[in-house]
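Colleague: Below is one structure. I have some questions about it.
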Amino acid sequence: MKATLRNWALAAGLLLAWQAEAQSLPANAGLEIRQLFTALETSGCQFSRNDSWYDAAQASAHLHRKYDYLLEHGKITSAETFIALAASKSSMSGQPYLVRCGQAPAVTSQAWFMARLRALRAHR
């Protein structure tokens, strides 16, 4: 029951965030950012934040909170600003986030997200 309520609350929060996003972001930027979140959530990769590793779902939830805050304050204007301001480093410690997929060496989340963004744009 708890998990169902949590999932419902997360879905409702995402819907509200996307509605706010639609009002303040160019449509293409909002779409690209949603696609980046989907890429992370379906990647099976691990995400390091402040020397602790998290699964992709936990990482996505954390980045959604940062994204929502920055969007509300008018800081997100493109997929690149999302990556730079929300998805690259800890706001608290300044440490870069890392992404590790399978047995591959960890890379900075900035490099990981930029590679995903380039791939999304190349397939359009």
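So you can find residues: chains in the structure tokens are A, B, ... in the order shown, residues in each start at 1, and ligands are numbered from 1 in order.
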Which neighbours of segment 27-40 of chain A fall inside 9 Å, counting only C-alpha atoms, when residues of the same chain fewer than 4 positions from it are skipped, and could you give them as a list in words?

Modeller: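 The contact residues come out as Trp18, Glu21, Ala22, Gly44, Cys45, Ala56, Ala57, Ala59, Ser60, Leu63, His64, Thr77, Ser78, Ala79, Glu80, Phe82, Ile83, Phe113, Arg116, Leu117, Leu120 and Arg121 of chain A.
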
Colleague: Take the residues from that selection and write them out as a short mmCIF file (atom, residue, chain, number, x, y, z; two decimals), in the first residue's frame, keeping C-alpha atoms.

Modeller:
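Writing done, so here's again_23.cif:
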data_model
loop_
_atom_site.label_atom_id
_atom_site.label_comp_id
_atom_site.auth_asym_id
_atom_site.auth_seq_id
_atom_site.Cartn_x
_atom_site.Cartn_y
_atom_site.Cartn_z
CA TRP A 18 5.54 18.85 -16.52
CA GLU A 21 7.49 23.09 -17.45
CA ALA A 22 5.12 23.48 -20.37
CA GLY A 44 20.16 0.20 -15.40
CA CYS A 45 23.15 2.38 -14.51
CA ALA A 56 18.74 4.93 -11.57
CA ALA A 57 15.28 5.39 -10.00
CA ALA A 59 18.98 9.22 -9.07
CA SER A 60 16.05 10.27 -11.21
CA LEU A 63 17.41 15.06 -10.15
CA HIS A 64 13.66 15.69 -10.52
CA THR A 77 16.06 27.14 -20.35
CA SER A 78 17.37 24.15 -22.32
CA ALA A 79 18.53 20.57 -21.97
CA GLU A 80 22.08 21.92 -21.64
CA PHE A 82 19.39 21.18 -17.06
CA ILE A 83 22.56 19.12 -17.41
CA PHE A 113 23.93 13.11 -20.16
CA ARG A 116 22.52 10.87 -24.44
CA LEU A 117 21.45 14.33 -25.61
CA LEU A 120 18.60 11.94 -29.05
CA ARG A 121 19.24 14.83 -31.39
#

Colleague: Got a sec: who's within 7 Å of Arg100 of chain A, counting only C-alpha atoms, leaving out chain neighbours fewer than 4 positions off, as a list in words?

Modeller: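 The filter keeps Cys45, Gln46, Phe47, Ala104, Pro105, Ala106 and Val107 of chain A.
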
Colleague: Which is closest to Ser43 of chain A among A:Ser90, A:Gly102, A:His123, A:Arg118, if we use only C-alpha atoms?

Modeller: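 Checking each of A:Ser90, A:Gly102, A:His123, A:Arg118 against Ser43 of chain A, counting only C-alpha atoms, the winner is A:Gly102.
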
Colleague: Determine which residues of chain A DSSP labels as helix (DSSP H, G or I) from the backbone of this structure, then write them out as number ranges by chain.

Modeller: A: 2-24, 27-41, 56-72, 79-85, 109-122

Colleague: So that I can see what lies close to Ser109 of chain A, please list as a VMD selection string the residues with an atom at most 7 Å from it, counting only C-alpha atoms and leaving out residues fewer than 6 positions away in the same chain.

Modeller: chain A and resid 87 to 88 97 to 99

Colleague: What separation in Å, quoted to one decimal, exists between atom CA of Ala61 of chain A and atom CA of Pro26 of chain A?

Modeller: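 Between atom CA of Ala61 of chain A and atom CA of Pro26 of chain A the gap works out to 22.7 Å.
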
Colleague: So that I can see what lies close to Ser91 of chain A, please list as number ranges by chain the residues with an atom at most 9 Å from it, counting only C-alpha atoms and leaving out residues fewer than 5 positions away in the same chain.

Modeller: A: 66, 85-86

Colleague: Which residues in segment 22-123 of chain A does DSSP call strand (DSSP E or B)? List them as a list in words.

Modeller: Gln46, Phe47, Ser48, Arg49, Ser52, Trp53, Tyr54, Asp55, Lys89, Pro96, Leu98, Val99, Arg100, Val107 and Thr108 of chain A

Colleague: Would you compute the distance between atom CA of Ser52 of chain A and atom CA of Glu72 of chain A? Give it in Å to one decimal.

Modeller: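 Computing the Euclidean distance for atom CA of Ser52 of chain A and atom CA of Glu72 of chain A yields 27.5 Å.
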
Colleague: Measuring atom to atom with only C-alpha atoms, identify which of A:Ser93, A:Thr108, A:Ser24, A:Thr81 is nearest to Ser48 of chain A.

Modeller: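 Of A:Ser93, A:Thr108, A:Ser24, A:Thr81, the one nearest Ser48 of chain A, counting only C-alpha atoms, is A:Thr108.
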